[in-house]
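See below for input-v3.txt, which holds compact mmCIF, C-alpha atoms and all ligand atoms.
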# COMPACT_ATOMS: atom_id res chain seq x y z
CA MET Y 1 18.37 -186.72 54.22
CA ARG Y 2 21.96 -185.48 54.05
CA ILE Y 3 23.21 -181.96 53.42
CA ILE Y 4 26.28 -182.09 51.21
CA PHE Y 5 28.54 -179.08 50.64
CA ILE Y 6 30.70 -178.93 47.52
CA GLY Y 7 33.46 -176.64 48.81
CA GLY Y 8 34.24 -176.02 52.48
CA GLY Y 9 35.21 -172.33 52.20
CA ASN Y 10 34.19 -169.26 54.20
CA MET Y 11 30.53 -169.07 53.22
CA ALA Y 12 29.98 -172.84 53.42
CA GLU Y 13 31.45 -172.86 56.94
CA ALA Y 14 29.21 -169.94 57.94
CA ILE Y 15 26.27 -172.15 56.97
CA PHE Y 16 27.26 -175.65 58.12
CA SER Y 17 28.53 -174.34 61.49
CA LYS Y 18 24.88 -173.50 62.32
CA LEU Y 19 23.40 -176.90 61.32
CA ASN Y 20 24.41 -179.06 64.28
CA ASP Y 21 21.32 -181.24 64.12
CA LYS Y 22 21.83 -182.30 60.48
CA ASP Y 23 23.67 -185.15 58.74
CA ILE Y 24 26.35 -183.13 56.94
CA VAL Y 25 29.03 -184.10 54.43
CA VAL Y 26 31.58 -181.52 53.21
CA VAL Y 27 33.72 -181.99 50.11
CA GLN Y 28 36.99 -180.16 50.81
CA ARG Y 29 39.94 -180.79 48.47
CA ASN Y 30 42.76 -178.88 50.13
CA LEU Y 31 44.22 -181.27 52.75
CA GLU Y 32 45.56 -178.62 55.11
CA LYS Y 33 42.14 -176.92 55.27
CA LEU Y 34 40.49 -180.34 55.53
CA GLY Y 35 42.57 -181.15 58.64
CA LYS Y 36 41.61 -177.86 60.31
CA LEU Y 37 37.90 -178.28 59.56
CA LYS Y 38 37.92 -181.90 60.79
CA ALA Y 39 39.42 -180.80 64.11
CA LYS Y 40 36.89 -177.96 64.48
CA TYR Y 41 33.77 -179.95 63.51
CA PRO Y 42 34.23 -183.56 64.68
CA HIS Y 43 30.52 -184.35 64.08
CA ILE Y 44 30.77 -183.54 60.33
CA LYS Y 45 31.98 -185.99 57.66
CA PHE Y 46 34.69 -184.45 55.45
CA ILE Y 47 35.75 -186.02 52.13
CA THR Y 48 38.12 -184.83 49.38
CA ALA Y 49 35.83 -185.67 46.43
CA LEU Y 50 32.22 -186.70 45.94
CA ASP Y 51 32.38 -190.43 45.14
CA PHE Y 52 28.86 -191.66 45.87
CA THR Y 53 25.44 -191.17 44.30
CA THR Y 54 23.33 -188.82 46.36
CA ASN Y 55 19.70 -189.65 47.25
CA PRO Y 56 16.60 -187.79 45.97
CA ASP Y 57 16.05 -186.27 49.43
CA ASP Y 58 19.68 -185.13 49.80
CA ILE Y 59 20.38 -181.41 49.44
CA VAL Y 60 23.61 -180.48 47.70
CA PHE Y 61 25.03 -177.00 48.36
CA LEU Y 62 27.25 -175.57 45.64
CA SER Y 63 29.62 -173.40 47.69
CA ILE Y 64 32.46 -172.77 45.28
CA LYS Y 65 33.68 -169.61 43.53
CA PRO Y 66 32.03 -168.78 40.17
CA TYR Y 67 35.30 -169.56 38.33
CA ASP Y 68 35.40 -173.10 39.79
CA ALA Y 69 31.71 -173.80 39.30
CA GLU Y 70 31.72 -175.42 35.86
CA THR Y 71 34.55 -177.84 36.71
CA ALA Y 72 32.99 -178.69 40.07
CA CYS Y 73 29.62 -179.32 38.39
CA GLU Y 74 31.27 -181.59 35.80
CA GLU Y 75 32.86 -183.58 38.63
CA ILE Y 76 29.64 -184.07 40.58
CA ALA Y 77 26.95 -184.20 37.86
CA GLN Y 78 26.92 -187.99 37.56
CA TYR Y 79 26.31 -188.34 41.33
CA THR Y 80 23.73 -185.61 41.94
CA LYS Y 81 21.14 -185.97 39.15
CA ASN Y 82 18.26 -186.74 41.52
CA SER Y 83 19.05 -184.43 44.41
CA THR Y 84 18.08 -180.85 45.10
CA ILE Y 85 20.85 -178.35 44.37
CA VAL Y 86 21.20 -175.16 46.42
CA SER Y 87 23.64 -172.72 44.85
CA ILE Y 88 25.26 -169.89 46.77
CA VAL Y 89 27.52 -169.08 43.81
CA SER Y 90 27.39 -165.42 42.73
CA GLY Y 91 26.10 -164.69 39.25
CA ILE Y 92 25.68 -168.16 37.75
CA THR Y 93 22.04 -168.67 36.76
CA CYS Y 94 19.83 -171.66 37.47
CA TYR Y 95 19.61 -172.16 33.72
CA THR Y 96 23.39 -172.59 33.39
CA LEU Y 97 23.62 -174.77 36.50
CA SER Y 98 20.82 -177.01 35.29
CA ASN Y 99 22.70 -177.51 32.01
CA TRP Y 100 25.97 -178.29 33.76
CA LEU Y 101 24.36 -180.62 36.27
CA ILE Y 102 21.69 -182.17 34.04
CA ASN Y 103 19.33 -181.46 36.90
CA HIS Y 104 16.40 -179.01 37.02
CA LYS Y 105 15.94 -179.07 40.80
CA ILE Y 106 17.95 -175.90 41.40
CA CYS Y 107 17.54 -173.21 44.02
CA ARG Y 108 19.66 -170.06 43.88
CA THR Y 109 20.49 -168.15 47.04
CA MET Y 110 22.53 -165.18 48.14
CA PRO Y 111 23.51 -165.44 51.80
CA ASN Y 112 25.98 -163.19 53.61
CA THR Y 113 28.67 -163.88 56.20
CA PRO Y 114 26.76 -162.58 59.29
CA ALA Y 115 24.89 -165.88 58.79
CA SER Y 116 27.67 -167.44 60.92
CA LEU Y 117 26.25 -165.46 63.89
CA GLY Y 118 22.61 -166.18 63.06
CA LEU Y 119 22.32 -162.61 61.74
CA GLY Y 120 22.40 -163.33 58.02
CA ALA Y 121 20.17 -161.89 55.31
CA THR Y 122 19.61 -164.56 52.66
CA ALA Y 123 17.81 -164.00 49.37
CA ILE Y 124 16.36 -167.13 47.79
CA TYR Y 125 14.85 -168.13 44.44
CA PHE Y 126 13.31 -171.56 43.78
CA THR Y 127 12.89 -173.04 40.33
CA SER Y 128 9.55 -174.73 39.83
CA ALA Y 129 11.06 -178.26 40.04
CA ILE Y 130 12.02 -177.84 43.70
CA THR Y 131 9.91 -179.89 46.14
CA GLN Y 132 11.94 -179.34 49.33
CA GLN Y 133 11.26 -175.62 49.65
CA GLN Y 134 10.32 -175.71 53.32
CA ILE Y 135 13.40 -177.74 54.31
CA ILE Y 136 15.65 -175.26 52.49
CA LEU Y 137 13.85 -172.29 54.08
CA ASP Y 138 14.25 -173.96 57.51
CA ILE Y 139 18.02 -174.27 56.92
CA PHE Y 140 18.41 -170.59 56.04
CA ASN Y 141 16.05 -169.49 58.83
CA LYS Y 142 18.65 -170.88 61.27
CA LEU Y 143 21.13 -168.40 59.81
CA GLY Y 144 19.05 -165.23 60.15
CA LYS Y 145 16.34 -163.66 58.01
CA VAL Y 146 15.26 -165.10 54.66
CA TYR Y 147 13.75 -163.17 51.74
CA SER Y 148 12.10 -165.21 48.94
CA PHE Y 149 11.82 -163.84 45.41
CA ASP Y 150 10.06 -165.25 42.36
CA ASP Y 151 12.28 -163.40 39.87
CA GLU Y 152 15.82 -164.78 39.60
CA ASP Y 153 17.33 -161.40 38.69
CA LYS Y 154 16.47 -160.28 42.23
CA ILE Y 155 19.25 -162.62 43.41
CA ASN Y 156 21.76 -160.53 41.41
CA GLN Y 157 20.28 -157.37 42.95
CA MET Y 158 20.43 -158.92 46.42
CA THR Y 159 24.11 -159.68 45.83
CA ALA Y 160 24.56 -155.89 45.79
CA VAL Y 161 22.10 -155.18 48.61
CA ALA Y 162 22.86 -158.01 51.07
CA GLY Y 163 25.51 -160.53 49.92
CA SER Y 164 28.30 -158.00 49.41
CA SER Y 165 27.08 -155.21 51.66
CA PRO Y 166 28.73 -156.31 54.93
CA ALA Y 167 31.95 -155.36 53.11
CA TYR Y 168 30.59 -151.85 52.43
CA VAL Y 169 29.69 -151.45 56.09
CA PHE Y 170 33.17 -152.63 57.13
CA TYR Y 171 34.65 -150.17 54.61
CA PHE Y 172 32.69 -147.26 56.09
CA ILE Y 173 33.69 -148.24 59.63
CA GLU Y 174 37.35 -148.60 58.56
CA SER Y 175 37.11 -145.11 57.12
CA LEU Y 176 35.68 -143.63 60.34
CA ILE Y 177 38.48 -145.26 62.36
CA ALA Y 178 41.18 -144.10 59.92
CA SER Y 179 39.90 -140.53 60.06
CA ALA Y 180 39.97 -140.49 63.87
CA VAL Y 181 43.57 -141.76 63.78
CA ASN Y 182 44.84 -139.59 60.92
CA GLN Y 183 43.00 -136.32 61.59
CA PHE Y 184 42.95 -136.31 65.38
CA GLY Y 185 45.87 -138.54 66.38
CA LEU Y 186 43.82 -141.10 68.34
CA SER Y 187 45.50 -144.49 68.79
CA PRO Y 188 44.04 -147.13 66.41
CA LYS Y 189 42.77 -149.10 69.44
CA LEU Y 190 40.94 -146.13 70.95
CA ALA Y 191 39.61 -145.00 67.55
CA LYS Y 192 38.23 -148.51 66.91
CA ASP Y 193 36.68 -148.76 70.38
CA ILE Y 194 34.92 -145.38 70.09
CA THR Y 195 33.77 -146.01 66.50
CA LEU Y 196 32.31 -149.44 67.28
CA GLN Y 197 30.47 -147.98 70.27
CA VAL Y 198 29.01 -145.30 67.96
CA VAL Y 199 27.97 -147.91 65.36
CA LYS Y 200 26.38 -150.20 67.98
CA GLY Y 201 24.63 -147.27 69.67
CA SER Y 202 23.30 -145.92 66.38
CA LEU Y 203 21.96 -149.32 65.31
CA SER Y 204 20.30 -149.76 68.72
CA MET Y 205 18.69 -146.33 68.39
CA ILE Y 206 17.20 -147.33 65.01
CA GLU Y 207 15.95 -150.64 66.44
CA SER Y 208 14.49 -149.17 69.62
CA ASN Y 209 12.79 -146.21 67.91
CA SER Y 210 10.76 -148.12 65.32
CA SER Y 211 8.13 -145.35 65.12
CA MET Y 212 10.76 -142.91 63.82
CA THR Y 213 12.37 -142.96 60.41
CA ILE Y 214 16.15 -143.13 60.21
CA GLU Y 215 16.05 -139.72 58.55
CA GLN Y 216 14.23 -138.31 61.62
CA LEU Y 217 16.88 -139.78 63.92
CA ARG Y 218 19.54 -138.11 61.79
CA SER Y 219 17.66 -134.76 61.76
CA ASN Y 220 17.38 -134.91 65.56
CA VAL Y 221 21.16 -134.84 65.90
CA THR Y 222 21.72 -132.34 63.09
CA SER Y 223 20.91 -128.91 64.48
CA LYS Y 224 20.68 -125.99 62.07
CA LYS Y 225 24.05 -124.21 61.87
CA GLY Y 226 25.50 -126.82 64.26
CA THR Y 227 28.56 -129.04 64.04
CA THR Y 228 26.96 -132.24 62.67
CA GLU Y 229 25.32 -130.28 59.88
CA GLN Y 230 28.77 -129.28 58.62
CA ALA Y 231 29.79 -132.94 58.30
CA ILE Y 232 26.53 -133.91 56.55
CA LYS Y 233 26.98 -131.01 54.12
CA VAL Y 234 30.34 -132.48 53.10
CA PHE Y 235 28.70 -135.89 52.48
CA GLU Y 236 26.12 -134.13 50.32
CA GLN Y 237 28.69 -131.98 48.51
CA TYR Y 238 30.60 -135.11 47.47
CA ASN Y 239 27.39 -137.01 46.60
CA PHE Y 240 27.68 -139.78 49.15
CA ASN Y 241 24.32 -141.25 48.03
CA ASP Y 242 25.51 -141.26 44.45
CA ILE Y 243 28.66 -143.16 45.45
CA ILE Y 244 26.54 -145.82 47.17
CA ASN Y 245 24.22 -146.06 44.13
CA LYS Y 246 27.21 -146.48 41.83
CA ALA Y 247 28.83 -149.09 44.10
CA GLU Y 248 25.67 -151.22 44.32
CA THR Y 249 25.06 -150.92 40.58
CA ALA Y 250 28.66 -152.03 39.87
CA CYS Y 251 28.16 -155.06 42.13
CA TYR Y 252 24.85 -155.96 40.44
CA ASN Y 253 26.38 -155.54 36.96
CA ARG Y 254 29.26 -157.81 37.92
CA ALA Y 255 26.80 -160.53 38.99
CA LYS Y 256 25.12 -160.27 35.57
CA GLU Y 257 28.52 -160.24 33.82
CA LEU Y 258 29.46 -163.45 35.60
CA ALA Y 259 26.27 -165.03 34.26
CA GLN Y 260 27.24 -164.04 30.71
CA LEU Y 261 30.88 -164.99 31.19
CA PHE Y 262 29.86 -168.51 32.13
CA GLY Y 263 27.71 -169.08 29.09
CA SER Y 264 24.20 -168.48 30.34
CA GLN Y 265 21.57 -168.08 27.63
CA ASN Y 266 19.53 -166.42 30.29
CA ALA Y 267 21.73 -163.84 31.93
CA THR Y 268 18.90 -161.92 33.55
CA GLY Y 269 17.59 -165.15 34.98
CA ASN Y 270 13.95 -164.41 34.24
CA GLU Y 271 13.23 -167.75 32.65
CA LYS Y 272 11.92 -170.47 34.99
CA VAL Y 273 13.82 -173.75 34.67
N1 LIG Y 301 32.00 -164.85 51.26
C1 LIG Y 301 30.86 -164.16 51.12
O1 LIG Y 301 30.61 -163.14 51.79
C2 LIG Y 301 29.81 -164.64 50.18
C3 LIG Y 301 28.49 -164.14 50.28
C4 LIG Y 301 27.51 -164.64 49.41
C5 LIG Y 301 27.85 -165.57 48.44
N2 LIG Y 301 29.15 -165.99 48.33
C6 LIG Y 301 29.47 -166.95 47.27
O2 LIG Y 301 29.81 -168.16 47.90
C7 LIG Y 301 30.72 -168.87 47.07
C8 LIG Y 301 31.89 -169.34 47.92
O3 LIG Y 301 32.53 -168.18 48.43
P1 LIG Y 301 33.58 -168.29 49.62
O4 LIG Y 301 33.86 -166.90 50.05
O5 LIG Y 301 33.11 -169.29 50.64
O6 LIG Y 301 34.86 -168.89 48.83
P2 LIG Y 301 36.07 -169.73 49.38
O7 LIG Y 301 36.29 -169.46 50.82
O8 LIG Y 301 37.21 -169.51 48.44
O9 LIG Y 301 35.58 -171.23 49.25
C9 LIG Y 301 35.47 -171.89 48.03
C10 LIG Y 301 35.73 -173.35 48.28
O10 LIG Y 301 35.46 -174.08 47.07
C11 LIG Y 301 36.37 -175.14 47.01
N3 LIG Y 301 36.42 -175.71 45.67
C12 LIG Y 301 36.78 -175.12 44.52
N4 LIG Y 301 36.66 -175.97 43.49
C13 LIG Y 301 36.19 -177.13 44.01
C14 LIG Y 301 35.85 -178.40 43.45
N5 LIG Y 301 35.98 -178.64 42.13
N6 LIG Y 301 35.39 -179.36 44.29
C15 LIG Y 301 35.27 -179.12 45.60
N7 LIG Y 301 35.59 -177.95 46.21
C16 LIG Y 301 36.04 -176.97 45.40
C17 LIG Y 301 37.68 -174.52 47.48
O11 LIG Y 301 38.53 -175.55 47.87
P3 LIG Y 301 40.13 -175.42 47.87
O12 LIG Y 301 40.46 -174.72 49.12
O13 LIG Y 301 40.57 -176.83 47.84
O14 LIG Y 301 40.49 -174.65 46.62
C18 LIG Y 301 37.19 -173.67 48.65
O15 LIG Y 301 37.16 -174.41 49.86
C19 LIG Y 301 31.16 -167.92 45.96
O16 LIG Y 301 30.54 -168.28 44.75
C20 LIG Y 301 30.69 -166.57 46.43
O17 LIG Y 301 30.32 -165.76 45.34
C21 LIG Y 301 30.11 -165.57 49.19
Could you show the structure in this file as structure tokens?
Ligand SMILES: NC(=O)c1ccc[n+]([C@@H]2O[C@H](COP(=O)([O-])OP(=O)(O)OC[C@H]3O[C@@H](n4cnc5c(N)ncnc54)[C@H](OP(=O)(O)O)[C@@H]3O)[C@@H](O)[C@H]2O)c1
Amino acid sequence: MRIIFIGGGNMAEAIFSKLNDKDIVVVQRNLEKLGKLKAKYPHIKFITALDFTTNPDDIVFLSIKPYDAETACEEIAQYTKNSTIVSIVSGITCYTLSNWLINHKICRTMPNTPASLGLGATAIYFTSAITQQQIILDIFNKLGKVYSFDDEDKINQMTAVAGSSPAYVFYFIESLIASAVNQFGLSPKLAKDITLQVVKGSLSMIESNSSMTIEQLRSNVTSKKGTTEQAIKVFEQYNFNDIINKAETACYNRAKELAQLFGSQNATGNEKV
């Protein structure tokens, strides 16, 4: 069994960097990037185009951008008809992929970049034709936690909740740092150091106080008429929760739009293929 990646970009690297014990082939077109990856991962075979027929037990990861997916599928379809396909591509449904690839053995996933540290959150949906479920689950288990769903639309929702959300967290942290610099004149280095310590400490408090809700932890540091309460009031005044709801909904809608843009007859992904 080989694991073959079509596209050696950021997310693919986050995954294959954790699979040291596997027979891996990566299709990477750009020669400069190919050279860098070859030097970094000498145990992995890198090629510039798929030029061999894959075996029924091979697992082919589609790790290209949605806009490149149709062309990439056209290029590989003749070689991958019997293999299992694992897509990490945002938006594109199993239905569309199975048409492009003339292959029904499709699994759709939504990983996120903390996978490169073994701290990923991957959502996964298997079509009924997949027989290598456990092998695929084992691969993603090496990258962090795995959440299986039997409704494909959940993968679009998980794009908003997990796939894209490290970027929201980075955005919030950037904002905290910028405020410390701009409002209080801290140096960027000191502001970053203090903010990261706060974020790490807060996460550890949540993890080590599992009997308490996060809301309770927040209440405990928000005394009536105190300083923290003033800051929380501003979040509430400007509808912070509403902003988050709108952001996640926009992300989810974009995943569904991508499905429609690329010709899916089944944009919500509810149909089993
Ligand atoms: N990054 C994330 O946080 C994240 C999270 C969840 C899901 N995803 C999904 O993962 C997918 C990949 O994202 P990414 O961030 O890893 O993108 P990326 O870094 O741009 O990587 C995409 C790779 O695809 C290659 N490629 C494009 N067309 C190809 C073809 N016809 N044959 C072979 N390789 C081809 C590109 O090669 P060249 O360099 O030669 O153009 C590039 O290496 C996207 O669909 C994205 O929605 C990403």
**Asked** Expressed in Å to a single decimal, how great is the separation between CA of Ala77 (chain Y) and CA of Asn253 (chain Y)?
**Response** 28.7 Å
As a quick test: using all atoms listed in the file, which residues lie no more than 6 Å away from ligand LIG 301 (chain Y)? Give them as a JSON list (two decimals) with C-alpha atoms, keeping the file's coordinate frame.
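Written output follows (selection-v3.json):
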[["chain", "number", "residue", "atom", "x", "y", "z"],
["Y", 6, "ILE", "CA", 30.70, -178.93, 47.52],
["Y", 7, "GLY", "CA", 33.46, -176.64, 48.81],
["Y", 8, "GLY", "CA", 34.24, -176.02, 52.48],
["Y", 9, "GLY", "CA", 35.21, -172.33, 52.20],
["Y", 10, "ASN", "CA", 34.19, -169.26, 54.20],
["Y", 11, "MET", "CA", 30.53, -169.07, 53.22],
["Y", 12, "ALA", "CA", 29.98, -172.84, 53.42],
["Y", 27, "VAL", "CA", 33.72, -181.99, 50.11],
["Y", 28, "GLN", "CA", 36.99, -180.16, 50.81],
["Y", 29, "ARG", "CA", 39.94, -180.79, 48.47],
["Y", 30, "ASN", "CA", 42.76, -178.88, 50.13],
["Y", 63, "SER", "CA", 29.62, -173.40, 47.69],
["Y", 64, "ILE", "CA", 32.46, -172.77, 45.28],
["Y", 65, "LYS", "CA", 33.68, -169.61, 43.53],
["Y", 66, "PRO", "CA", 32.03, -168.78, 40.17],
["Y", 68, "ASP", "CA", 35.40, -173.10, 39.79],
["Y", 71, "THR", "CA", 34.55, -177.84, 36.71],
["Y", 72, "ALA", "CA", 32.99, -178.69, 40.07],
["Y", 88, "ILE", "CA", 25.26, -169.89, 46.77],
["Y", 89, "VAL", "CA", 27.52, -169.08, 43.81],
["Y", 90, "SER", "CA", 27.39, -165.42, 42.73],
["Y", 110, "MET", "CA", 22.53, -165.18, 48.14],
["Y", 111, "PRO", "CA", 23.51, -165.44, 51.80],
["Y", 112, "ASN", "CA", 25.98, -163.19, 53.61],
["Y", 113, "THR", "CA", 28.67, -163.88, 56.20],
["Y", 163, "GLY", "CA", 25.51, -160.53, 49.92]]
**Message:** Residues near Asp150 (chain Y), anyone? I mean within 9 Å using only C-alpha atoms, not counting same-chain ones fewer than 5 positions away, as a PyMOL selection string.
**Reply:** chain Y and resi 124-127
Selection from above, C-alpha atoms, as a CSV table (one decimal), keeping the file's coordinate frame, can you write it?
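Now in out_33.csv:
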chain,number,residue,atom,x,y,z
Y,124,ILE,CA,16.4,-167.1,47.8
Y,125,TYR,CA,14.8,-168.1,44.4
Y,126,PHE,CA,13.3,-171.6,43.8
Y,127,THR,CA,12.9,-173.0,40.3
So that all listed atoms of region 201-210 of chain Y fit with 8 Å spare on each side, what axis-aligned box centre and edge lengths in Å, to one decimal, would you give as AutoDock Vina command-line options?
--center_x 17.7 --center_y -148.3 --center_z 67.3 --size_x 29.9 --size_y 20.7 --size_z 20.7
**Prompt:** Which one is closest to Lys18 (chain Y): Y:Trp100, Y:Tyr79, Y:Phe140, Y:Phe46? Count only C-alpha atoms.
**Reply:**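 Nearest candidate to Lys18 (chain Y) out of Y:Trp100, Y:Tyr79, Y:Phe140, Y:Phe46: Y:Phe140.
The coordinates place CA of Thr80 (chain Y) at 23.2 Å from CA of His43 (chain Y).
In this model, the gap between CA of Val146 (chain Y) and CA of Ile173 (chain Y) comes to 25.5 Å.
Using only C-alpha atoms, the smallest distance between any of Y:Ala180, Y:Leu97, Y:Ile92, Y:Leu50 and Glu75 (chain Y) comes from Y:Leu50.
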Taking all atoms listed in the file into account, produce a table as CSV in which each residue of region 71-129 of chain Y with an atom at most 9 Å from an atom of region 51-57 of chain Y appears once, together with its shortest atom pair and the distance in Å to one decimal, ordered by chain and rising number.
residue,atom,partner,partner_atom,distance
Y:Ile76,CA,Y:Asp51,CA,8.3
Y:Gln78,CA,Y:Thr53,CA,7.6
Y:Tyr79,CA,Y:Thr53,CA,4.2
Y:Thr80,CA,Y:Thr54,CA,5.5
Y:Lys81,CA,Y:Thr54,CA,8.1
Y:Asn82,CA,Y:Pro56,CA,4.9
Y:Ser83,CA,Y:Pro56,CA,4.4
Y:Thr84,CA,Y:Pro56,CA,7.1
**Item:** Residues near Ala178 (chain Y), cut-off 9 Å, all atoms listed in the file, skip fewer than 4 positions along chain, as a count of residues only
**Value:** 7
**Request:** Identify, on the basis of only C-alpha atoms, every residue whose closest approach to Lys22 (chain Y) does not exceed 9 Å; exclude the query and any residue fewer than 2 positions from it along the same chain; express the result as a list in words.
**Result:** Met1, Arg2, Ile3, Phe16, Leu19, Asn20 and Ile24 of chain Y
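Between Lys142 (chain Y) and the residues Y:Ile47, Y:Gly118, Y:Ile130, Y:Glu257, the shortest atom-to-atom distance, using only C-alpha atoms, involves Y:Gly118.
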